[in-house]
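Undergrad: Just one file: data30.txt, with compact mmCIF, C-alpha atoms.
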# COMPACT_ATOMS: atom_id res chain seq x y z
CA MET W 1 -6.08 -10.32 -18.57
CA THR W 2 -6.51 -6.56 -17.96
CA GLU W 3 -10.18 -6.48 -18.99
CA LYS W 4 -11.38 -6.85 -15.39
CA PHE W 5 -9.50 -3.82 -14.15
CA ILE W 6 -8.76 -0.13 -14.62
CA PHE W 7 -5.09 0.84 -14.49
CA TRP W 8 -3.68 4.32 -14.02
CA ALA W 9 -0.10 5.56 -13.87
CA GLN W 10 1.49 8.99 -14.13
CA ALA W 11 4.20 9.63 -16.72
CA LEU W 12 7.73 9.76 -15.34
CA ASP W 13 8.42 13.13 -17.00
CA ASN W 14 5.43 14.67 -15.13
CA ALA W 15 4.49 16.40 -18.36
CA SER W 16 3.08 13.75 -20.71
CA SER W 17 -0.47 12.51 -20.19
CA ASP W 18 -1.12 9.87 -17.56
CA TYR W 19 -1.53 6.27 -18.74
CA PHE W 20 -5.02 4.79 -18.48
CA ASP W 21 -6.14 1.30 -19.34
CA VAL W 22 -9.87 0.86 -18.78
CA ARG W 23 -10.80 -2.81 -18.83
CA GLY W 24 -8.38 -3.61 -21.63
CA ASP W 25 -8.86 -0.39 -23.56
CA GLU W 26 -5.91 2.00 -23.58
CA LEU W 27 -7.30 5.55 -23.43
CA SER W 28 -5.84 8.17 -25.72
CA SER W 29 -4.69 11.47 -24.21
CA ASP W 30 -7.66 13.35 -25.69
CA ASP W 31 -10.28 10.97 -24.28
CA SER W 32 -10.90 13.33 -21.38
CA VAL W 33 -14.39 12.04 -20.55
CA ARG W 34 -13.35 8.43 -19.98
CA ARG W 35 -10.19 9.53 -18.21
CA GLN W 36 -12.19 11.64 -15.77
CA GLU W 37 -14.65 8.78 -15.29
CA ALA W 38 -11.78 6.45 -14.38
CA VAL W 39 -10.36 8.96 -11.89
CA SER W 40 -13.81 9.47 -10.36
CA LEU W 41 -14.22 5.71 -9.82
CA VAL W 42 -10.86 5.56 -8.03
CA SER W 43 -11.66 8.67 -5.99
CA SER W 44 -15.04 7.38 -4.85
CA VAL W 45 -13.44 4.26 -3.38
CA ILE W 46 -10.70 6.24 -1.63
CA THR W 47 -12.96 8.95 -0.22
CA SER W 48 -15.76 6.66 0.95
CA GLY W 49 -13.86 3.45 1.57
CA THR W 50 -11.63 1.84 4.15
CA ARG W 51 -7.89 1.22 3.89
CA ILE W 52 -7.51 -2.47 4.71
CA TYR W 53 -3.89 -3.14 3.75
CA GLU W 54 -0.77 -0.98 3.89
CA VAL W 55 2.56 -2.81 3.61
CA SER W 56 5.77 -1.70 1.84
CA GLY W 57 4.00 0.99 -0.14
CA ILE W 58 1.22 -1.35 -1.26
CA LEU W 59 -2.13 0.13 -0.34
CA LEU W 60 -5.48 -1.59 -0.68
CA THR W 61 -8.71 0.33 -0.11
CA GLU W 62 -12.18 -1.13 -0.52
CA ASN W 63 -15.68 0.24 -0.69
CA ASP W 64 -18.95 -1.42 -1.61
CA ARG W 65 -17.46 -4.30 -3.65
CA HIS W 66 -14.88 -2.12 -5.39
CA PHE W 67 -11.22 -1.89 -4.55
CA VAL W 68 -8.26 0.36 -5.32
CA LEU W 69 -4.80 -1.13 -5.14
CA GLU W 70 -1.71 1.10 -5.29
CA VAL W 71 1.65 -0.51 -6.03
CA PRO W 72 4.96 1.37 -6.31
CA SER W 73 7.04 0.70 -9.41
CA VAL W 74 10.83 0.44 -9.37
CA GLN W 75 11.29 3.58 -11.48
CA LEU W 76 11.34 7.08 -10.03
CA ASP W 77 9.95 10.11 -11.83
CA ARG W 78 12.00 13.10 -13.03
CA ALA W 79 11.57 14.74 -9.61
CA GLY W 80 12.94 11.63 -7.87
CA ARG W 81 9.55 10.53 -6.59
CA THR W 82 8.20 6.99 -6.38
CA ALA W 83 5.86 6.34 -9.31
CA PRO W 84 2.96 4.12 -8.23
CA ILE W 85 0.47 2.27 -10.39
CA ILE W 86 -3.22 2.22 -9.48
CA CYS W 87 -5.44 -0.79 -10.10
CA TYR W 88 -9.22 -0.45 -9.68
CA GLY W 89 -11.55 -3.43 -9.77
CA ASP W 90 -14.69 -5.08 -8.48
CA TYR W 91 -14.87 -8.03 -6.13
CA ASP W 92 -17.44 -10.58 -5.05
CA ALA W 93 -17.66 -13.90 -3.21
CA THR W 94 -14.70 -15.34 -5.13
CA VAL W 95 -12.34 -12.67 -3.84
CA GLY W 96 -8.94 -13.94 -2.76
CA ASP W 97 -9.07 -17.23 -4.62
CA THR W 98 -8.19 -15.97 -8.07
CA LEU W 99 -8.60 -12.19 -7.94
CA GLY W 100 -5.27 -11.53 -6.20
CA ALA W 101 -3.38 -13.70 -8.68
CA SER W 102 -5.09 -12.19 -11.72
CA ALA W 103 -4.57 -8.64 -10.41
CA ALA W 104 -0.85 -9.35 -9.93
CA VAL W 105 -0.52 -10.74 -13.48
CA ALA W 106 -2.49 -7.87 -15.00
CA LEU W 107 -0.47 -5.29 -13.04
CA ASP W 108 2.74 -6.80 -14.34
CA ASP W 109 1.38 -6.73 -17.89
CA PHE W 110 0.32 -3.06 -17.64
CA ALA W 111 3.62 -2.08 -16.00
CA LYS W 112 5.60 -3.69 -18.83
CA ARG W 113 3.50 -1.98 -21.49
CA ILE W 114 4.31 1.45 -20.04
CA GLY W 115 7.97 0.62 -19.49
CA ARG W 116 7.83 0.01 -15.74
CA THR W 117 8.86 -2.85 -13.55
CA LEU W 118 7.45 -4.02 -10.25
CA GLN W 119 9.57 -5.47 -7.47
CA PRO W 120 9.23 -9.29 -7.40
CA GLU W 121 8.42 -9.31 -3.68
CA HIS W 122 5.54 -6.93 -4.31
CA PHE W 123 3.68 -9.59 -6.32
CA GLU W 124 3.40 -11.75 -3.21
CA LEU W 125 2.26 -8.76 -1.17
CA VAL W 126 -0.40 -7.97 -3.78
CA ARG W 127 -1.74 -11.54 -3.54
CA ASN W 128 -1.56 -11.31 0.25
CA SER W 129 -3.50 -8.03 0.29
CA PHE W 130 -6.46 -9.75 -1.36
CA GLU W 131 -6.59 -12.23 1.51
CA PHE W 132 -7.42 -9.23 3.70
CA LEU W 133 -10.14 -8.28 1.23
CA LYS W 134 -11.51 -11.82 1.48
CA LYS W 135 -11.57 -11.61 5.30
CA LYS W 136 -13.28 -8.25 5.13
CA TYR W 137 -15.88 -9.62 2.71
CA SER W 138 -16.48 -12.69 4.92
CA THR W 139 -16.95 -10.49 7.99
CA LYS W 140 -19.37 -8.25 6.12
CA LYS W 141 -21.31 -11.30 4.95
CA LEU W 142 -21.47 -12.67 8.50
CA VAL W 143 -22.68 -9.33 9.87
CA ARG W 144 -25.33 -9.18 7.16
CA LYS W 145 -26.51 -12.73 8.01
CA VAL W 146 -26.67 -11.90 11.73
CA TRP W 147 -28.75 -8.81 10.94
CA ILE W 148 -31.16 -10.77 8.76
CA LEU W 149 -31.45 -13.45 11.46
CA ALA W 150 -32.07 -10.83 14.16
CA ILE W 151 -34.75 -9.13 12.08
CA ALA W 152 -36.36 -12.50 11.32
CA ILE W 153 -36.43 -13.43 15.04
CA LEU W 154 -37.94 -10.05 15.90
CA ALA W 155 -40.59 -10.41 13.18
CA ILE W 156 -41.51 -13.93 14.33
CA SER W 157 -41.62 -12.81 17.98
CA TYR W 158 -43.92 -9.93 17.05
CA TRP W 159 -46.14 -12.20 15.00
CA MET W 160 -46.33 -14.73 17.86
CA ALA W 161 -47.19 -11.95 20.32
CA GLN W 162 -49.94 -10.75 17.98
CA MET W 163 -51.31 -14.25 17.75
CA GLY W 164 -51.35 -14.45 21.55
CA TRP W 165 -48.77 -17.31 21.77
CA MET V 1 -48.75 57.12 24.29
CA PRO V 2 -48.08 54.88 21.27
CA LEU V 3 -44.83 55.53 19.37
CA PRO V 4 -45.27 57.48 16.12
CA ILE V 5 -44.86 55.51 12.89
CA VAL V 6 -41.48 57.22 12.10
CA ALA V 7 -40.05 55.93 15.37
CA TRP V 8 -41.24 52.40 14.54
CA LEU V 9 -39.64 52.71 11.10
CA ILE V 10 -36.31 53.81 12.64
CA ILE V 11 -36.43 50.93 15.11
CA GLY V 12 -37.22 48.55 12.25
CA VAL V 13 -34.32 49.77 10.08
CA ILE V 14 -31.83 49.65 12.99
CA SER V 15 -33.00 46.17 13.99
CA THR V 16 -32.65 44.93 10.43
CA LEU V 17 -29.16 46.41 10.06
CA PHE V 18 -28.05 45.23 13.48
CA GLY V 19 -29.57 41.80 12.91
CA THR V 20 -27.73 41.47 9.58
CA SER V 21 -24.51 42.59 11.21
CA ILE V 22 -24.93 40.01 13.97
CA ALA V 23 -25.70 37.34 11.38
CA VAL V 24 -22.57 38.20 9.35
CA LYS V 25 -20.35 38.29 12.45
CA TRP V 26 -21.80 35.04 13.71
CA ASP V 27 -21.09 33.45 10.35
CA ASP V 28 -17.47 34.66 10.57
CA ILE V 29 -17.18 33.31 14.10
CA ILE V 30 -18.57 29.95 13.09
CA ILE V 31 -16.16 29.70 10.12
CA LYS V 32 -13.19 30.72 12.29
CA PHE V 33 -14.19 28.24 15.00
CA ARG V 34 -14.71 25.39 12.59
CA GLY V 35 -11.64 26.22 10.54
CA LYS V 36 -11.10 26.82 6.88
CA ARG V 37 -11.65 24.16 4.30
CA LEU V 38 -8.83 24.34 1.78
CA ALA V 39 -8.52 23.19 -1.80
CA VAL V 40 -4.95 22.84 -3.04
CA LEU V 41 -4.95 22.57 -6.83
CA GLY V 42 -2.23 22.57 -9.46
CA ALA V 43 -0.45 20.55 -12.11
CA ARG V 44 1.91 17.67 -11.37
CA GLY V 45 5.07 18.35 -9.41
CA VAL V 46 4.20 21.88 -8.29
CA GLY V 47 4.26 21.06 -4.55
CA LYS V 48 0.61 20.27 -3.70
CA THR V 49 1.51 17.27 -1.54
CA ARG V 50 4.24 19.20 0.25
CA LEU V 51 1.85 22.05 1.09
CA VAL V 52 -1.01 19.76 2.15
CA LYS V 53 1.33 17.66 4.35
CA PHE V 54 2.80 20.79 5.90
CA LEU V 55 -0.62 22.27 6.66
CA THR V 56 -2.05 19.05 8.05
CA THR V 57 0.97 17.59 9.87
CA GLY V 58 3.42 20.48 10.33
CA ALA V 59 6.18 18.48 8.64
CA ILE V 60 7.51 18.04 5.15
CA PRO V 61 7.57 14.41 4.03
CA ALA V 62 11.03 12.88 3.74
CA GLU V 63 10.00 10.60 0.88
CA TYR V 64 7.76 11.49 -1.98
CA LYS V 65 5.56 9.68 -4.37
CA GLN V 66 3.47 10.91 -7.24
CA THR V 67 -0.12 11.52 -6.13
CA LEU V 68 -2.55 9.49 -8.21
CA ALA V 69 -5.39 8.29 -6.01
CA PRO V 70 -6.54 11.03 -3.62
CA GLU V 71 -4.95 11.07 -0.17
CA LYS V 72 -7.01 12.08 2.83
CA ALA V 73 -5.42 14.75 5.01
CA ALA V 74 -6.65 15.29 8.57
CA SER V 75 -7.72 18.59 10.10
CA ARG V 76 -5.24 20.46 12.28
CA ARG V 77 -5.05 23.54 14.46
CA PHE V 78 -1.69 25.25 14.77
CA LEU V 79 0.04 28.51 15.59
CA LEU V 80 2.16 30.24 12.99
CA LYS V 81 3.76 33.36 14.46
CA ASP V 82 0.75 35.48 15.46
CA LEU V 83 -1.78 33.43 13.49
CA ASP V 84 -3.98 30.78 15.08
CA LEU V 85 -4.91 28.55 12.17
CA LYS V 86 -7.39 25.74 11.92
CA VAL V 87 -7.41 23.77 8.74
CA LYS V 88 -10.23 21.34 8.06
CA GLU V 89 -9.65 17.89 6.64
CA THR V 90 -8.99 17.95 2.93
CA LEU V 91 -7.77 15.84 0.03
CA ASP V 92 -4.49 15.77 -1.82
CA LEU V 93 -5.41 15.23 -5.47
CA SER V 94 -3.66 14.21 -8.65
CA GLY V 95 -2.35 17.03 -10.83
CA ASP V 96 -3.39 15.37 -14.08
CA LYS V 97 -6.11 17.02 -16.15
CA ALA V 98 -8.12 13.81 -15.76
CA ALA V 99 -8.66 14.88 -12.14
CA TYR V 100 -10.47 18.14 -13.08
CA ALA V 101 -13.81 16.74 -11.89
CA GLU V 102 -12.23 15.94 -8.51
CA TRP V 103 -10.62 19.39 -8.41
CA LYS V 104 -14.04 20.94 -8.94
CA LYS V 105 -15.60 18.96 -6.08
CA LEU V 106 -12.81 20.06 -3.75
CA HIS V 107 -13.05 23.66 -4.99
CA ASP V 108 -16.84 23.76 -4.52
CA ASP V 109 -16.52 22.79 -0.83
CA ALA V 110 -13.60 25.11 -0.05
CA ASP V 111 -13.42 28.40 1.84
CA VAL V 112 -9.95 29.06 0.45
CA VAL V 113 -8.57 27.84 -2.88
CA PHE V 114 -4.84 27.65 -3.60
CA TYR V 115 -3.71 27.22 -7.18
CA LEU V 116 -0.05 26.27 -7.23
CA LEU V 117 2.19 26.76 -10.25
CA ARG V 118 5.90 26.59 -11.00
CA ALA V 119 6.91 30.27 -10.79
CA ASP V 120 10.48 29.44 -11.85
CA ARG V 121 9.23 27.80 -15.07
CA LEU V 122 6.90 30.69 -15.93
CA ILE V 123 9.72 33.19 -15.36
CA ALA V 124 11.91 31.07 -17.65
CA GLY V 125 9.20 31.27 -20.34
CA ASP V 126 8.36 27.56 -20.37
CA ARG V 127 5.63 27.32 -23.04
CA ASP V 128 4.32 23.95 -21.84
CA VAL V 129 3.79 25.32 -18.34
CA GLU V 130 2.05 28.39 -19.78
CA ILE V 131 -0.31 26.22 -21.81
CA ARG V 132 -1.08 24.06 -18.80
CA VAL V 133 -1.76 26.89 -16.34
CA ARG V 134 -3.90 28.69 -18.92
CA ASP V 135 -5.96 25.53 -19.34
CA ASP V 136 -6.27 25.06 -15.57
CA LEU V 137 -7.40 28.65 -14.99
CA ARG V 138 -9.95 28.39 -17.79
CA HIS V 139 -11.63 25.66 -15.74
CA ILE V 140 -11.09 27.19 -12.31
CA SER V 141 -12.38 30.63 -13.33
CA GLY V 142 -15.67 29.04 -14.38
CA TRP V 143 -15.96 27.31 -11.01
CA LEU V 144 -15.11 30.55 -9.16
CA ASP V 145 -17.73 32.48 -11.12
CA ALA V 146 -20.35 29.90 -10.19
CA ARG V 147 -19.71 30.35 -6.45
CA ASN V 148 -21.55 32.96 -4.42
CA PRO V 149 -19.81 34.14 -2.36
CA ARG V 150 -16.55 33.33 -4.09
CA PRO V 151 -13.94 31.55 -2.02
CA ASN V 152 -10.64 33.29 -1.28
CA PHE V 153 -8.44 32.51 -4.25
CA PHE V 154 -4.65 32.51 -4.30
CA ILE V 155 -2.20 31.88 -7.10
CA ILE V 156 0.88 30.54 -5.34
CA GLY V 157 4.11 30.52 -7.32
CA THR V 158 6.42 27.81 -6.00
CA HIS V 159 10.02 26.72 -6.62
CA CYS V 160 11.26 30.32 -6.51
CA ASP V 161 14.47 29.00 -4.91
CA LEU V 162 15.30 27.66 -8.39
CA ASP V 163 15.23 31.16 -9.87
CA ALA V 164 18.61 32.90 -9.79
CA GLU V 165 17.16 36.40 -9.47
CA PHE V 166 14.87 35.40 -6.58
CA LYS V 167 17.86 33.87 -4.77
CA ARG V 168 19.80 37.13 -5.15
CA THR V 169 16.86 39.27 -4.01
CA SER V 170 17.05 40.57 -0.46
CA GLU V 171 13.98 40.32 1.76
CA ASP V 172 13.14 44.01 1.48
CA LYS V 173 13.09 43.75 -2.34
CA ILE V 174 10.87 40.66 -2.56
CA GLY V 175 7.88 42.94 -3.18
CA ASP V 176 9.55 44.25 -6.37
CA PHE V 177 10.18 40.69 -7.48
CA VAL V 178 6.52 39.79 -6.92
CA ASP V 179 5.41 42.90 -8.84
CA LYS V 180 7.67 41.93 -11.73
CA PHE V 181 6.20 38.42 -11.68
CA ARG V 182 2.65 39.82 -11.69
CA ARG V 183 3.53 41.82 -14.81
CA LEU V 184 4.41 38.68 -16.80
CA PRO V 185 1.79 38.49 -19.57
CA ILE V 186 0.76 34.97 -18.59
CA VAL V 187 0.35 35.95 -14.92
CA THR V 188 -1.65 39.06 -15.87
CA GLU V 189 -3.86 36.81 -17.97
CA LEU V 190 -4.32 34.29 -15.15
CA VAL V 191 -5.23 36.98 -12.63
CA ALA V 192 -7.70 38.52 -15.09
CA ARG V 193 -9.29 35.11 -15.71
CA ALA V 194 -9.65 34.60 -11.96
CA GLY V 195 -11.58 37.86 -11.56
CA GLY V 196 -8.84 40.50 -11.26
CA ALA V 197 -6.28 41.51 -8.66
CA GLN V 198 -8.93 42.00 -5.94
CA GLN V 199 -10.17 38.45 -6.33
CA ALA V 200 -6.94 36.62 -7.09
CA LYS V 201 -3.97 37.23 -4.81
CA VAL V 202 -0.51 36.28 -6.05
CA VAL V 203 2.02 34.94 -3.56
CA LEU V 204 5.52 33.72 -4.35
CA GLY V 205 7.91 31.57 -2.39
CA SER V 206 9.59 28.29 -1.93
CA MET V 207 8.90 25.11 0.01
CA ARG V 208 12.46 23.84 0.01
CA SER V 209 12.70 23.79 3.80
CA VAL V 210 10.24 23.92 6.69
CA SER V 211 11.14 27.57 7.37
CA ASP V 212 10.63 28.50 3.70
CA THR V 213 7.27 26.74 3.74
CA GLU V 214 6.28 28.47 6.98
CA ALA V 215 7.15 31.83 5.43
CA LEU V 216 5.06 31.07 2.35
CA VAL V 217 2.08 29.81 4.37
CA TYR V 218 2.31 32.84 6.67
CA GLN V 219 2.23 35.21 3.67
CA VAL V 220 -0.89 33.48 2.38
CA PHE V 221 -2.79 33.22 5.65
CA MET V 222 -2.02 36.81 6.59
CA GLN V 223 -4.08 37.73 3.54
CA VAL V 224 -6.79 35.18 4.35
CA ALA V 225 -7.07 36.66 7.85
CA SER V 226 -7.24 40.22 6.51
With the file now loaded, output its structure as structure tokens.

TA:
Amino acid sequence: MTEKFIFWAQALDNASSDYFDVRGDELSSDDSVRRQEAVSLVSSVITSGTRIYEVSGILLTENDRHFVLEVPSVQLDRAGRTAPIICYGDYDATVGDTLGASAAVALDDFAKRIGRTLQPEHFELVRNSFEFLKKKYSTKKLVRKVWILAIAILAISYWMAQMGW
Amino acid sequence: MPLPIVAWLIIGVISTLFGTSIAVKWDDIIIKFRGKRLAVLGARGVGKTRLVKFLTTGAIPAEYKQTLAPEKAASRRFLLKDLDLKVKETLDLSGDKAAYAEWKKLHDDADVVFYLLRADRLIAGDRDVEIRVRDDLRHISGWLDARNPRPNFFIIGTHCDLDAEFKRTSEDKIGDFVDKFRRLPIVTELVARAGGAQQAKVVLGSMRSVSDTEALVYQVFMQVAS
């Protein structure tokens, strides 16, 4: 279930290595190359993307068919801070139908494996956040279609003018 | 009568020097006008988020969360005592070693680089903290060496309020405390790695309250301004 996504969480003791699961593969603490690659993927979405959902600590950011979802876990770290879990993934035309549900299930699975729990109401919010992603994708698609149509009309008009019609 | 060649040479040298001076000054003016781009680096739980939030909002967040994904922080202009500061937008980054590539990007774009560490833990001889800061500085020193000109670099020791001796130290003796901290073998090593005492300034303080944070930021920016 986790093979579609990248998961990232910081250890609660703030000293042990962060937890990384890259598309179903748990990264060891000395796998610095793949760890840095995972962080770079997350960073590129955050720095270039748009925050489209922000409710009860759940943050969804998207950029160019990639998303980063941040969900707080119930547990606090040693310094008393909220300890979120990051989920990175790709999306396409099917976004919202199954992606939200599978992300929620995979998040729960990853959280359990690292000894965390997610608040039950957050699962619904996670699913809900992907509806916003779906709307965003639909709007983008519509804008793209309008652009193509406008360019096509311009091209035909130009061609007709050239032909003297 | 045409000017002799010596006079032309003198005019040329003066113009070149004056032109360079104007160019340097103009560069300073532009940087001051546009503000400083900061990079706040450091391991987990050292206070990066607190410092970034303070610099970019003027407040200390009431609730905290671990920083994993980067957080964008807006630019801000503010007065701190006699200092008129303008901080450009920046990023609050994760303190995990997996974020080194992101640290480097932030460092490479910065005018001023802050490396935060737990001063209280180094004073207490925490070996894990020593290993971590040594590792961090090994990376950062390479990035600093590759920059020309080098950015202003500060090692900022935080959480001093958790050190019993610091708490007992009166304001006029803080300088002695800082000197003692600088003499710690690990701190000496870090400063040497970062290019020596001229290149790497050491500042100590606490960010427990807004006034503590203001005092710490003032100490740092006084040195940036000078």

Undergrad: From the options V:Val87, V:Ala194, V:Ala225, V:Ala43, which residue's atoms come nearest to Gly142 in chain V, counting all atoms listed in the file?

TA: V:Ala194

Undergrad: Could you pull the residues within 9 Å of Tyr53 in chain W, counting only C-alpha atoms, minus those fewer than 2 positions along the same chain, as a list in words?

TA: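 Within the cut-off, the hits are Arg51, Val55, Ile58, Leu59, Leu60, Thr61, Ser129, Phe130, Phe132 and Leu133 of chain W.
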
Undergrad: Select all residues from chain W having any atom no more than 10 Å from an atom of chain V (counting only C-alpha atoms, ignoring ligands), output as JSON, numbers by chain.

TA: {"W": [8, 9, 10, 11, 12, 13, 14, 15, 16, 17, 18, 20, 29, 30, 31, 32, 33, 34, 35, 36, 37, 38, 39, 40, 41, 42, 43, 44, 45, 46, 47, 57, 68, 69, 70, 72, 76, 77, 78, 79, 80, 81, 82, 83, 84, 85, 86, 87]}

Undergrad: Applying 8 Å and all atoms listed in the file, which residues near range 205-221 of chain V remain after dropping the ones on its own chain fewer than 6 positions away? List them as an MDAnalysis selection string.

TA: chainID V and resid 47 50:51 54 59:60 80:81 83 154 156:161

Undergrad: Just write the chosen residues, C-alpha atoms, as a tab-separated table (two decimals), in the coordinates of the input.

TA:
chain	number	residue	atom	x	y	z
V	47	GLY	CA	4.26	21.06	-4.55
V	50	ARG	CA	4.24	19.20	0.25
V	51	LEU	CA	1.85	22.05	1.09
V	54	PHE	CA	2.80	20.79	5.90
V	59	ALA	CA	6.18	18.48	8.64
V	60	ILE	CA	7.51	18.04	5.15
V	80	LEU	CA	2.16	30.24	12.99
V	81	LYS	CA	3.76	33.36	14.46
V	83	LEU	CA	-1.78	33.43	13.49
V	154	PHE	CA	-4.65	32.51	-4.30
V	156	ILE	CA	0.88	30.54	-5.34
V	157	GLY	CA	4.11	30.52	-7.32
V	158	THR	CA	6.42	27.81	-6.00
V	159	HIS	CA	10.02	26.72	-6.62
V	160	CYS	CA	11.26	30.32	-6.51
V	161	ASP	CA	14.47	29.00	-4.91

Undergrad: As an exercise, work out the distance from CA of Arg23 in chain W to CA of Ile114 in chain W in Å and give it to one decimal place.

TA: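 Separation of CA of Arg23 in chain W and CA of Ile114 in chain W: 15.7 Å.
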